[in-house]
file input.cif (mmCIF, C-alpha atoms)
data_protein
loop_
_atom_site.group_PDB
_atom_site.id
_atom_site.type_symbol
_atom_site.label_atom_id
_atom_site.label_comp_id
_atom_site.auth_asym_id
_atom_site.auth_seq_id
_atom_site.Cartn_x
_atom_site.Cartn_y
_atom_site.Cartn_z
ATOM 1 C CA MET Z 1 0.000 0.000 0.000
ATOM 2 C CA ALA Z 2 1.228 3.466 -0.877
ATOM 3 C CA LEU Z 3 1.445 6.475 1.405
ATOM 4 C CA LYS Z 4 -1.003 9.307 0.893
ATOM 5 C CA THR Z 5 -0.247 13.012 1.388
ATOM 6 C CA PHE Z 6 -2.488 16.079 1.077
ATOM 7 C CA LYS Z 7 -2.223 19.573 -0.353
ATOM 8 C CA PRO Z 8 -1.427 22.044 2.447
ATOM 9 C CA TYR Z 9 -4.811 23.756 2.552
ATOM 10 C CA THR Z 10 -4.686 23.739 6.372
ATOM 11 C CA LYS Z 11 -1.946 23.451 8.982
ATOM 12 C CA SER Z 12 -2.945 19.876 9.754
ATOM 13 C CA THR Z 13 -3.064 18.614 6.172
ATOM 14 C CA ARG Z 14 0.388 20.088 5.539
ATOM 15 C CA GLY Z 15 1.978 17.488 7.793
ATOM 16 C CA THR Z 16 -0.461 14.595 7.460
ATOM 17 C CA VAL Z 17 0.774 11.317 5.977
ATOM 18 C CA VAL Z 18 -1.623 8.353 5.972
ATOM 19 C CA ILE Z 19 -1.824 4.997 4.215
ATOM 20 C CA ASP Z 20 -3.878 4.628 1.052
ATOM 21 C CA LYS Z 21 -6.514 2.000 1.860
ATOM 22 C CA SER Z 22 -8.236 2.045 -1.541
ATOM 23 C CA GLN Z 23 -7.312 -1.624 -2.148
ATOM 24 C CA LEU Z 24 -8.995 -2.820 1.066
ATOM 25 C CA TRP Z 25 -12.549 -4.026 1.660
ATOM 26 C CA LYS Z 26 -14.786 -0.947 1.781
ATOM 27 C CA SER Z 27 -17.779 -2.275 3.740
ATOM 28 C CA GLY Z 28 -18.185 -3.476 7.329
ATOM 29 C CA PRO Z 29 -16.681 -6.582 8.939
ATOM 30 C CA TYR Z 30 -18.087 -10.119 8.745
ATOM 31 C CA LYS Z 31 -20.673 -9.892 11.539
ATOM 32 C CA PRO Z 32 -20.506 -13.452 12.997
ATOM 33 C CA LEU Z 33 -16.798 -12.876 13.720
ATOM 34 C CA THR Z 34 -17.287 -9.634 15.681
ATOM 35 C CA ARG Z 35 -18.237 -8.759 19.239
ATOM 36 C CA GLY Z 36 -18.726 -5.577 21.223
ATOM 37 C CA GLN Z 37 -16.052 -3.891 23.285
ATOM 38 C CA ASN Z 38 -16.229 -2.138 26.618
ATOM 39 C CA PHE Z 39 -14.163 1.056 26.828
ATOM 40 C CA THR Z 40 -13.015 1.788 30.364
ATOM 41 C CA GLY Z 41 -11.563 5.269 29.861
ATOM 42 C CA GLY Z 42 -8.511 4.017 31.777
ATOM 43 C CA ARG Z 43 -10.576 3.402 34.947
ATOM 44 C CA ASN Z 44 -10.872 0.268 37.068
ATOM 45 C CA ASN Z 45 -14.011 -1.220 38.651
ATOM 46 C CA LYS Z 46 -13.892 1.443 41.392
ATOM 47 C CA GLY Z 47 -13.901 4.288 38.879
ATOM 48 C CA ARG Z 48 -10.302 5.252 39.630
ATOM 49 C CA ILE Z 49 -7.883 6.090 36.836
ATOM 50 C CA THR Z 50 -5.281 3.319 36.573
ATOM 51 C CA SER Z 51 -4.077 4.113 33.022
ATOM 52 C CA ARG Z 52 -3.651 7.805 32.276
ATOM 53 C CA HIS Z 53 -4.391 9.657 29.035
ATOM 54 C CA ILE Z 54 -7.141 7.302 27.847
ATOM 55 C CA GLY Z 55 -10.696 8.319 26.955
ATOM 56 C CA GLY Z 56 -13.114 9.062 24.146
ATOM 57 C CA GLY Z 57 -12.368 7.717 20.708
ATOM 58 C CA SER Z 58 -14.431 6.201 17.936
ATOM 59 C CA LYS Z 59 -16.648 3.247 18.759
ATOM 60 C CA HIS Z 60 -15.867 0.017 16.910
ATOM 61 C CA LYS Z 61 -16.362 -3.711 17.207
ATOM 62 C CA TYR Z 62 -13.684 -6.266 17.984
ATOM 63 C CA ARG Z 63 -12.793 -8.680 15.160
ATOM 64 C CA ILE Z 64 -12.191 -12.238 16.413
ATOM 65 C CA ILE Z 65 -8.828 -13.333 14.981
ATOM 66 C CA ASP Z 66 -7.778 -16.976 14.686
ATOM 67 C CA PHE Z 67 -4.285 -16.839 16.204
ATOM 68 C CA PHE Z 68 -4.398 -20.639 16.623
ATOM 69 C CA ARG Z 69 -5.015 -21.484 12.931
ATOM 70 C CA LYS Z 70 -7.424 -24.183 14.115
ATOM 71 C CA LYS Z 71 -8.469 -25.499 10.687
ATOM 72 C CA LYS Z 72 -5.824 -28.156 10.053
ATOM 73 C CA ASN Z 73 -5.123 -29.522 6.560
ATOM 74 C CA ILE Z 74 -8.169 -27.787 5.067
ATOM 75 C CA ILE Z 75 -7.505 -25.395 2.199
ATOM 76 C CA GLY Z 76 -8.846 -21.891 2.724
ATOM 77 C CA THR Z 77 -9.316 -19.112 0.169
ATOM 78 C CA ILE Z 78 -8.739 -15.421 0.898
ATOM 79 C CA GLU Z 79 -12.106 -13.738 0.328
ATOM 80 C CA ARG Z 80 -11.098 -10.189 1.206
ATOM 81 C CA ILE Z 81 -8.498 -8.097 3.062
ATOM 82 C CA GLU Z 82 -9.785 -5.634 5.649
ATOM 83 C CA TYR Z 83 -8.663 -2.790 7.877
ATOM 84 C CA ASP Z 84 -8.886 -3.618 11.593
ATOM 85 C CA PRO Z 85 -9.201 -0.644 13.995
ATOM 86 C CA ASN Z 86 -7.895 -2.794 16.869
ATOM 87 C CA ARG Z 87 -4.435 -3.474 15.421
ATOM 88 C CA THR Z 88 -1.819 -2.023 13.085
ATOM 89 C CA ALA Z 89 -1.812 -5.018 10.696
ATOM 90 C CA TYR Z 90 -4.496 -5.779 8.135
ATOM 91 C CA ILE Z 91 -6.650 -8.883 8.517
ATOM 92 C CA ALA Z 92 -7.868 -11.358 5.904
ATOM 93 C CA LEU Z 93 -11.215 -13.169 5.839
ATOM 94 C CA VAL Z 94 -10.641 -16.828 4.944
ATOM 95 C CA GLY Z 95 -13.353 -19.129 3.594
ATOM 96 C CA TYR Z 96 -12.677 -22.864 4.039
ATOM 97 C CA LYS Z 97 -14.003 -25.774 1.985
ATOM 98 C CA ASP Z 98 -16.349 -26.811 4.819
ATOM 99 C CA ASN Z 99 -18.040 -23.369 4.549
ATOM 100 C CA GLU Z 100 -16.526 -22.036 7.788
ATOM 101 C CA LYS Z 101 -14.904 -18.602 7.857
ATOM 102 C CA SER Z 102 -12.255 -17.042 10.054
ATOM 103 C CA TYR Z 103 -10.106 -13.933 10.280
ATOM 104 C CA ILE Z 104 -6.312 -14.267 10.235
ATOM 105 C CA LEU Z 105 -3.474 -11.743 10.350
ATOM 106 C CA CYS Z 106 -2.780 -10.856 6.734
ATOM 107 C CA PRO Z 107 0.853 -11.391 5.683
ATOM 108 C CA GLN Z 108 2.500 -9.086 3.181
ATOM 109 C CA GLY Z 109 1.926 -10.154 -0.428
ATOM 110 C CA LEU Z 110 -1.266 -12.142 0.188
ATOM 111 C CA LYS Z 111 -4.077 -11.235 -2.220
ATOM 112 C CA LYS Z 112 -7.756 -11.975 -2.700
ATOM 113 C CA GLY Z 113 -8.195 -15.440 -4.234
ATOM 114 C CA ASP Z 114 -4.947 -16.886 -2.823
ATOM 115 C CA THR Z 115 -5.143 -20.201 -0.956
ATOM 116 C CA ILE Z 116 -3.629 -20.985 2.447
ATOM 117 C CA GLU Z 117 -3.396 -24.062 4.637
ATOM 118 C CA SER Z 118 -2.224 -25.010 8.122
ATOM 119 C CA GLY Z 119 -1.138 -28.320 9.604
ATOM 120 C CA GLU Z 120 1.442 -30.968 8.725
ATOM 121 C CA ASN Z 121 3.075 -31.487 5.332
ATOM 122 C CA VAL Z 122 1.928 -28.145 3.902
ATOM 123 C CA ASP Z 123 3.979 -26.110 1.434
ATOM 124 C CA ILE Z 124 6.439 -23.449 2.620
ATOM 125 C CA LYS Z 125 4.623 -20.448 1.184
ATOM 126 C CA THR Z 126 3.319 -17.131 2.488
ATOM 127 C CA GLY Z 127 0.268 -17.527 4.716
ATOM 128 C CA ASN Z 128 0.700 -21.228 5.478
ATOM 129 C CA SER Z 129 1.027 -22.275 9.124
ATOM 130 C CA LEU Z 130 3.037 -25.249 10.353
ATOM 131 C CA GLN Z 131 5.286 -26.379 13.176
ATOM 132 C CA LEU Z 132 8.761 -24.873 13.478
ATOM 133 C CA LYS Z 133 10.422 -28.296 13.076
ATOM 134 C CA ASP Z 134 9.060 -28.472 9.499
ATOM 135 C CA ILE Z 135 10.323 -25.015 8.445
ATOM 136 C CA PRO Z 136 13.786 -24.534 6.888
ATOM 137 C CA PRO Z 137 16.239 -22.150 8.640
ATOM 138 C CA GLY Z 138 16.383 -18.592 7.322
ATOM 139 C CA THR Z 139 12.617 -18.328 6.820
ATOM 140 C CA SER Z 140 10.793 -15.163 7.941
ATOM 141 C CA LEU Z 141 7.862 -15.967 10.245
ATOM 142 C CA HIS Z 142 5.076 -14.232 12.150
ATOM 143 C CA ASN Z 143 2.340 -15.184 14.634
ATOM 144 C CA VAL Z 144 4.740 -17.548 16.421
ATOM 145 C CA GLU Z 145 3.627 -19.593 19.433
ATOM 146 C CA LEU Z 146 5.648 -19.610 22.656
ATOM 147 C CA ILE Z 147 3.859 -22.687 24.037
ATOM 148 C CA PRO Z 148 2.618 -25.424 21.658
ATOM 149 C CA GLY Z 149 -1.117 -25.057 21.026
ATOM 150 C CA ASN Z 150 -1.377 -21.781 22.943
ATOM 151 C CA GLY Z 151 -1.855 -19.477 19.925
ATOM 152 C CA GLY Z 152 0.536 -17.088 18.213
ATOM 153 C CA LYS Z 153 2.177 -14.498 20.468
ATOM 154 C CA LEU Z 154 5.309 -13.218 18.696
ATOM 155 C CA ALA Z 155 5.449 -10.872 15.666
ATOM 156 C CA ARG Z 156 1.821 -9.816 15.261
ATOM 157 C CA SER Z 157 2.102 -6.060 14.618
ATOM 158 C CA ALA Z 158 2.413 -4.362 11.217
ATOM 159 C CA GLY Z 159 5.604 -5.145 9.300
ATOM 160 C CA SER Z 160 7.049 -7.376 12.027
ATOM 161 C CA SER Z 161 8.634 -10.802 11.646
ATOM 162 C CA VAL Z 162 11.101 -13.185 13.286
ATOM 163 C CA THR Z 163 13.799 -15.214 11.559
ATOM 164 C CA LEU Z 164 14.311 -18.920 12.159
ATOM 165 C CA SER Z 165 18.069 -19.210 12.689
ATOM 166 C CA GLY Z 166 18.396 -22.955 13.308
ATOM 167 C CA TYR Z 167 17.751 -25.746 15.773
ATOM 168 C CA ASP Z 168 19.165 -26.896 19.100
ATOM 169 C CA GLY Z 169 17.799 -30.289 20.113
ATOM 170 C CA ASP Z 170 14.056 -29.976 20.709
ATOM 171 C CA PHE Z 171 14.183 -26.201 20.351
ATOM 172 C CA ALA Z 172 14.152 -23.795 17.433
ATOM 173 C CA ILE Z 173 16.326 -20.670 17.636
ATOM 174 C CA LEU Z 174 14.528 -17.438 16.695
ATOM 175 C CA LYS Z 175 16.017 -14.000 16.008
ATOM 176 C CA LEU Z 176 13.482 -11.329 17.003
ATOM 177 C CA SER Z 177 13.280 -7.857 15.497
ATOM 178 C CA SER Z 178 14.320 -6.370 18.867
ATOM 179 C CA GLY Z 179 17.701 -8.097 18.523
ATOM 180 C CA GLU Z 180 16.843 -10.768 21.073
ATOM 181 C CA THR Z 181 17.718 -14.380 20.251
ATOM 182 C CA ARG Z 182 15.691 -17.025 22.064
ATOM 183 C CA LYS Z 183 14.738 -20.694 21.999
ATOM 184 C CA VAL Z 184 11.191 -21.879 21.384
ATOM 185 C CA SER Z 185 9.918 -25.455 21.322
ATOM 186 C CA SER Z 186 10.107 -26.820 17.778
ATOM 187 C CA LEU Z 187 6.528 -28.121 18.220
ATOM 188 C CA CYS Z 188 5.238 -24.522 18.283
ATOM 189 C CA ALA Z 189 3.395 -23.343 15.184
ATOM 190 C CA ALA Z 190 4.267 -20.281 13.110
ATOM 191 C CA THR Z 191 3.000 -18.645 9.932
ATOM 192 C CA ILE Z 192 5.237 -18.056 6.914
ATOM 193 C CA GLY Z 193 5.830 -14.464 5.855
ATOM 194 C CA ILE Z 194 6.015 -10.890 7.172
ATOM 195 C CA VAL Z 195 2.977 -9.131 8.647
ATOM 196 C CA SER Z 196 1.219 -6.729 6.268
ATOM 197 C CA ASN Z 197 1.180 -2.913 6.352
ATOM 198 C CA PRO Z 198 4.922 -2.190 6.806
ATOM 199 C CA ASP Z 199 4.284 1.513 6.036
ATOM 200 C CA GLN Z 200 2.479 1.906 9.380
ATOM 201 C CA LYS Z 201 5.698 3.343 10.848
ATOM 202 C CA ASN Z 202 5.645 6.219 8.321
ATOM 203 C CA ILE Z 203 2.236 7.598 9.327
ATOM 204 C CA LYS Z 204 2.137 11.219 10.581
ATOM 205 C CA ILE Z 205 -1.121 12.005 12.309
ATOM 206 C CA GLY Z 206 -0.917 15.702 11.402
ATOM 207 C CA LYS Z 207 -3.173 17.016 14.178
ATOM 208 C CA ALA Z 208 -4.061 16.359 17.803
ATOM 209 C CA GLY Z 209 -7.676 15.609 16.916
ATOM 210 C CA ARG Z 210 -6.706 12.386 15.190
ATOM 211 C CA ASN Z 211 -5.256 11.109 18.465
ATOM 212 C CA ARG Z 212 -8.588 11.906 20.149
ATOM 213 C CA TRP Z 213 -10.348 9.742 17.544
ATOM 214 C CA ARG Z 214 -8.054 6.919 18.634
ATOM 215 C CA GLY Z 215 -8.959 7.317 22.306
ATOM 216 C CA LYS Z 216 -5.762 9.107 23.370
ATOM 217 C CA ARG Z 217 -6.155 12.156 25.611
ATOM 218 C CA PRO Z 218 -3.606 14.973 25.979
ATOM 219 C CA GLN Z 219 -0.515 14.393 28.090
ATOM 220 C CA THR Z 220 0.964 17.171 30.232
ATOM 221 C CA ARG Z 221 4.753 17.361 30.578
ATOM 222 C CA GLY Z 222 6.118 16.861 34.061
ATOM 223 C CA VAL Z 223 8.302 19.995 33.847
ATOM 224 C CA ALA Z 224 5.157 22.093 33.328
ATOM 225 C CA MET Z 225 3.682 20.906 36.662
ATOM 226 C CA ASN Z 226 4.180 21.963 40.273
ATOM 227 C CA PRO Z 227 6.500 19.991 42.585
ATOM 228 C CA VAL Z 228 3.488 18.484 44.374
ATOM 229 C CA ASP Z 229 2.308 16.922 41.096
ATOM 230 C CA HIS Z 230 5.508 15.587 39.532
ATOM 231 C CA PRO Z 231 9.194 15.078 40.458
ATOM 232 C CA HIS Z 232 10.163 17.273 37.466
ATOM 233 C CA GLY Z 233 7.874 20.114 38.538
ATOM 234 C CA GLY Z 234 8.739 23.523 40.008
ATOM 235 C CA GLY Z 235 11.845 25.649 39.669
ATOM 236 C CA GLU Z 236 12.356 29.311 38.848
ATOM 237 C CA GLY Z 237 11.444 30.066 35.244
ATOM 238 C CA LYS Z 238 11.558 27.289 32.677
ATOM 239 C CA THR Z 239 13.615 24.338 33.887
ATOM 240 C CA SER Z 240 14.246 20.877 32.501
ATOM 241 C CA GLY Z 241 13.496 19.097 35.765
ATOM 242 C CA GLY Z 242 16.863 19.404 37.495
ATOM 243 C CA ARG Z 243 17.201 15.664 37.960
ATOM 244 C CA SER Z 244 17.439 12.500 35.879
ATOM 245 C CA PRO Z 245 14.125 11.770 34.143
ATOM 246 C CA VAL Z 246 11.668 9.712 36.155
ATOM 247 C CA SER Z 247 8.014 8.713 36.045
ATOM 248 C CA PRO Z 248 5.436 10.615 38.167
ATOM 249 C CA TRP Z 249 6.080 8.009 40.884
ATOM 250 C CA GLY Z 250 9.863 8.369 40.842
ATOM 251 C CA GLN Z 251 10.861 5.346 38.751
ATOM 252 C CA SER Z 252 13.863 5.981 36.490
ATOM 253 C CA ALA Z 253 13.190 6.435 32.768
ATOM 254 C CA LYS Z 254 16.813 5.795 31.812
ATOM 255 C CA GLY Z 255 16.843 2.038 31.345
ATOM 256 C CA LEU Z 256 16.093 0.736 34.839
ATOM 257 C CA LYS Z 257 15.290 -2.970 34.489
ATOM 258 C CA THR Z 258 11.814 -3.693 35.817
ATOM 259 C CA ARG Z 259 11.255 -7.126 34.260
ATOM 260 C CA ARG Z 260 10.740 -9.775 36.895
ATOM 261 C CA PRO Z 261 12.610 -13.107 36.556
ATOM 262 C CA LYS Z 262 10.603 -15.666 34.618
ATOM 263 C CA ARG Z 263 10.951 -19.388 34.041
ATOM 264 C CA SER Z 264 11.513 -18.716 30.341
ATOM 265 C CA ASP Z 265 14.640 -16.612 31.064
ATOM 266 C CA LYS Z 266 16.812 -19.678 30.500
ATOM 267 C CA LEU Z 267 15.520 -19.856 26.910
ATOM 268 C CA ILE Z 268 16.807 -16.356 26.057
ATOM 269 C CA ILE Z 269 20.224 -16.660 24.417
ATOM 270 C CA THR Z 270 20.913 -12.972 23.687
ATOM 271 C CA ARG Z 271 19.052 -10.041 25.209
ATOM 272 C CA ARG Z 272 17.519 -7.338 23.049
ATOM 273 C CA LYS Z 273 19.535 -4.340 21.883
ATOM 274 C CA LYS Z 274 20.164 -1.763 24.574
ATOM 275 C CA ARG Z 275 18.406 1.560 24.274
ATOM 276 C CA ASN Z 276 20.520 4.678 23.611
ATOM 277 C CA LYS Z 277 20.594 6.862 26.718
#
call {"tool": "encode", "arguments": {"input": "input.cif", "output": "structure tokens"}}
result
Amino acid sequence: MALKTFKPYTKSTRGTVVIDKSQLWKSGPYKPLTRGQNFTGGRNNKGRITSRHIGGGSKHKYRIIDFFRKKKNIIGTIERIEYDPNRTAYIALVGYKDNEKSYILCPQGLKKGDTIESGENVDIKTGNSLQLKDIPPGTSLHNVELIPGNGGKLARSAGSSVTLSGYDGDFAILKLSSGETRKVSSLCAATIGIVSNPDQKNIKIGKAGRNRWRGKRPQTRGVAMNPVDHPHGGGEGKTSGGRSPVSPWGQSAKGLKTRRPKRSDKLIITRRKKRNK
């Protein structure tokens, strides 16, 4: 999909860059595969704000995605490719030979009329899903399971993928886009290809109102607050905080590790790339 710009008739259109969705399905979603969503506005069951800067936004239904690829060894045909307001990637509606339908994450290069299949002894082609042990090293994958049969968890956002580097006993070695290298059971399933909509990263929203449509409320800088409200607040004139950057509750924003130890830590071979300070 190409990027779309606008003539600078207003200040917002001057800087707006969006994705041209003219090739996508132009009507509503397939109704049996949708359900309603509750929007909390960032509040918990007591009405207290637990996630800041959330509220408003356009109302939309949730599309039920088959991250498990449950239909094994049944050929499915891509009926249409749709925009999904709940995720950055596009989704594809698949019709199977037994007249069932499901939504899947649409990989890049998949078109209406293409066929896909999941299960054992399927071809290594874009959109097919099979176990890691049956995939040759060097293949780009998405929607990768971490636990066999538990549904795809890795590489589900627009333009993302992981690379199968090789095997080590009962494990497959995956190189993630973050730079992390980790082991995953070779019985886990994965889908061939890269997730669609790689131009998502080039979008420029152009105006604050578009963020409000997405349910994002304005965020006030800490240095603009009083000392009682934020650790960066206060000072004579305009100051930059006067201390190392922290969250409103004092937690360092300069790379402090907050990840708790997990049982899967032993499966991580190389940690992700370090952030530039």
call {"tool": "resolve_selection", "arguments": {"input": "input.cif", "expression": "the PyMOL selection byres ((chain Z and resi 36) around 8)", "output": "VMD selection string"}}
result
chain Z and resid 34 to 35 37 to 38 60 to 62
call {"tool": "write_last_selection", "arguments": {"input": "input.cif", "atoms": "C-alpha atoms", "output": "PDB file, keeping the file's coordinate frame"}}
result
ATOM      1  CA  THR Z  34     -17.287  -9.634  15.681  1.00  0.00           C
ATOM      2  CA  ARG Z  35     -18.237  -8.759  19.239  1.00  0.00           C
ATOM      3  CA  GLN Z  37     -16.052  -3.891  23.285  1.00  0.00           C
ATOM      4  CA  ASN Z  38     -16.229  -2.138  26.618  1.00  0.00           C
ATOM      5  CA  HIS Z  60     -15.867   0.017  16.910  1.00  0.00           C
ATOM      6  CA  LYS Z  61     -16.362  -3.711  17.207  1.00  0.00           C
ATOM      7  CA  TYR Z  62     -13.684  -6.266  17.984  1.00  0.00           C
TER       8      TYR Z  62
END
call {"tool": "resolve_selection", "arguments": {"input": "input.cif", "expression": "the PyMOL selection byres ((chain Z and resi 29) around 9)", "output": "list of chain:residue names"}}
result
Z:Trp25, Z:Ser27, Z:Gly28, Z:Tyr30, Z:Lys31, Z:Pro32, Z:Leu33, Z:Thr34, Z:Lys61, Z:Arg63, Z:Glu82, Z:Tyr83, Z:Asp84
call {"tool": "resolve_selection", "arguments": {"input": "input.cif", "expression": "the PyMOL selection byres ((chain Z and resi 11-20) around 12)", "output": "VMD selection string"}}
result
chain Z and resid 1 to 10 21 to 24 83 88 to 90 197 to 210
call {"tool": "closest_residue", "arguments": {"input": "input.cif", "among": "Z:Gly237, Z:Lys72, Z:Ser58, Z:His230", "to": "Trp249 in chain Z", "atoms": "all atoms listed in the file"}}
result
Z:His230
call {"tool": "atom_distance", "arguments": {"input": "input.cif", "atom1": "CA of Pro261 in chain Z", "atom2": "CA of Glu180 in chain Z"}}
result
16.2 Å
call {"tool": "atom_distance", "arguments": {"input": "input.cif", "atom1": "CA of Pro136 in chain Z", "atom2": "CA of Leu164 in chain Z"}}
result
7.7 Å
call {"tool": "atom_distance", "arguments": {"input": "input.cif", "atom1": "CA of Ile64 in chain Z", "atom2": "CA of Lys46 in chain Z"}}
result
28.5 Å
call {"tool": "closest_residue", "arguments": {"input": "input.cif", "among": "Z:Pro85, Z:Gly56, Z:Gly193, Z:Gly241", "to": "Gly42 in chain Z", "atoms": "only C-alpha atoms"}}
result
Z:Gly56
call {"tool": "axis_aligned_box", "arguments": {"input": "input.cif", "around": "range 109-121 of chain Z", "padding_each_side": "5 Å", "output": "AutoDock Vina command-line options"}}
result
--center_x -2.6 --center_y -20.8 --center_z 2.7 --size_x 21.3 --size_y 31.3 --size_z 23.8
call {"tool": "residues_near_point", "arguments": {"input": "input.cif", "point": "(-14.2, 3.4, 32.5)", "cutoff": "12 Å", "atoms": "all atoms listed in the file", "output": "compact mmCIF listing (two decimals) with C-alpha atoms, in the coordinates of the input"}}
result
# COMPACT_ATOMS: atom_id res chain seq x y z
CA GLN Z 37 -16.05 -3.89 23.28
CA ASN Z 38 -16.23 -2.14 26.62
CA PHE Z 39 -14.16 1.06 26.83
CA THR Z 40 -13.02 1.79 30.36
CA GLY Z 41 -11.56 5.27 29.86
CA GLY Z 42 -8.51 4.02 31.78
CA ARG Z 43 -10.58 3.40 34.95
CA ASN Z 44 -10.87 0.27 37.07
CA ASN Z 45 -14.01 -1.22 38.65
CA LYS Z 46 -13.89 1.44 41.39
CA GLY Z 47 -13.90 4.29 38.88
CA ARG Z 48 -10.30 5.25 39.63
CA ILE Z 49 -7.88 6.09 36.84
CA THR Z 50 -5.28 3.32 36.57
CA SER Z 51 -4.08 4.11 33.02
CA ARG Z 52 -3.65 7.80 32.28
CA ILE Z 54 -7.14 7.30 27.85
CA GLY Z 55 -10.70 8.32 26.96
CA GLY Z 56 -13.11 9.06 24.15
call {"tool": "closest_residue", "arguments": {"input": "input.cif", "among": "Z:Tyr96, Z:Ala155, Z:Leu174, Z:Asp134", "to": "Leu267 in chain Z", "atoms": "all atoms listed in the file"}}
result
Z:Leu174
call {"tool": "build_atoms", "arguments": {"input": "input.cif", "residues": "range 5-21 of chain Z", "atoms": "N, CA and C atoms", "output": "PDB file, keeping the file's coordinate frame"}}
result
ATOM      1  N   THR Z   5      -0.445  11.676   0.824  1.00  0.00           N
ATOM      2  CA  THR Z   5      -0.247  13.012   1.388  1.00  0.00           C
ATOM      3  C   THR Z   5      -1.347  13.937   0.846  1.00  0.00           C
ATOM      4  N   PHE Z   6      -1.421  15.145   1.418  1.00  0.00           N
ATOM      5  CA  PHE Z   6      -2.488  16.079   1.077  1.00  0.00           C
ATOM      6  C   PHE Z   6      -1.900  17.437   0.732  1.00  0.00           C
ATOM      7  N   LYS Z   7      -2.637  18.202  -0.077  1.00  0.00           N
ATOM      8  CA  LYS Z   7      -2.223  19.573  -0.353  1.00  0.00           C
ATOM      9  C   LYS Z   7      -2.373  20.400   0.921  1.00  0.00           C
ATOM     10  N   PRO Z   8      -1.447  21.326   1.169  1.00  0.00           N
ATOM     11  CA  PRO Z   8      -1.427  22.044   2.447  1.00  0.00           C
ATOM     12  C   PRO Z   8      -2.481  23.148   2.535  1.00  0.00           C
ATOM     13  N   TYR Z   9      -3.746  22.771   2.420  1.00  0.00           N
ATOM     14  CA  TYR Z   9      -4.811  23.756   2.552  1.00  0.00           C
ATOM     15  C   TYR Z   9      -4.968  24.223   4.002  1.00  0.00           C
ATOM     16  N   THR Z  10      -4.635  23.372   4.958  1.00  0.00           N
ATOM     17  CA  THR Z  10      -4.686  23.739   6.372  1.00  0.00           C
ATOM     18  C   THR Z  10      -3.370  23.339   7.029  1.00  0.00           C
ATOM     19  N   LYS Z  11      -3.184  23.784   8.269  1.00  0.00           N
ATOM     20  CA  LYS Z  11      -1.946  23.451   8.982  1.00  0.00           C
ATOM     21  C   LYS Z  11      -1.833  21.955   9.238  1.00  0.00           C
ATOM     22  N   SER Z  12      -2.991  21.304   9.455  1.00  0.00           N
ATOM     23  CA  SER Z  12      -2.945  19.876   9.754  1.00  0.00           C
ATOM     24  C   SER Z  12      -2.664  19.044   8.505  1.00  0.00           C
ATOM     25  N   THR Z  13      -3.293  19.414   7.374  1.00  0.00           N
ATOM     26  CA  THR Z  13      -3.064  18.614   6.172  1.00  0.00           C
ATOM     27  C   THR Z  13      -1.645  18.786   5.633  1.00  0.00           C
ATOM     28  N   ARG Z  14      -0.992  19.872   5.995  1.00  0.00           N
ATOM     29  CA  ARG Z  14       0.388  20.088   5.539  1.00  0.00           C
ATOM     30  C   ARG Z  14       1.295  18.961   6.020  1.00  0.00           C
ATOM     31  N   GLY Z  15       1.079  18.498   7.236  1.00  0.00           N
ATOM     32  CA  GLY Z  15       1.978  17.488   7.793  1.00  0.00           C
ATOM     33  C   GLY Z  15       1.399  16.090   7.844  1.00  0.00           C
ATOM     34  N   THR Z  16       0.180  15.901   7.337  1.00  0.00           N
ATOM     35  CA  THR Z  16      -0.461  14.595   7.460  1.00  0.00           C
ATOM     36  C   THR Z  16       0.058  13.612   6.412  1.00  0.00           C
ATOM     37  N   VAL Z  17       0.424  12.423   6.872  1.00  0.00           N
ATOM     38  CA  VAL Z  17       0.774  11.317   5.977  1.00  0.00           C
ATOM     39  C   VAL Z  17       0.015  10.090   6.463  1.00  0.00           C
ATOM     40  N   VAL Z  18      -0.845   9.536   5.613  1.00  0.00           N
ATOM     41  CA  VAL Z  18      -1.623   8.353   5.972  1.00  0.00           C
ATOM     42  C   VAL Z  18      -1.416   7.284   4.905  1.00  0.00           C
ATOM     43  N   ILE Z  19      -1.965   6.111   5.151  1.00  0.00           N
ATOM     44  CA  ILE Z  19      -1.824   4.997   4.215  1.00  0.00           C
ATOM     45  C   ILE Z  19      -3.042   4.946   3.299  1.00  0.00           C
ATOM     46  N   ASP Z  20      -2.797   4.746   2.031  1.00  0.00           N
ATOM     47  CA  ASP Z  20      -3.878   4.628   1.052  1.00  0.00           C
ATOM     48  C   ASP Z  20      -4.538   3.261   1.201  1.00  0.00           C
ATOM     49  N   LYS Z  21      -5.803   3.260   1.618  1.00  0.00           N
ATOM     50  CA  LYS Z  21      -6.514   2.000   1.860  1.00  0.00           C
ATOM     51  C   LYS Z  21      -7.503   1.673   0.739  1.00  0.00           C
TER      52      LYS Z  21
END
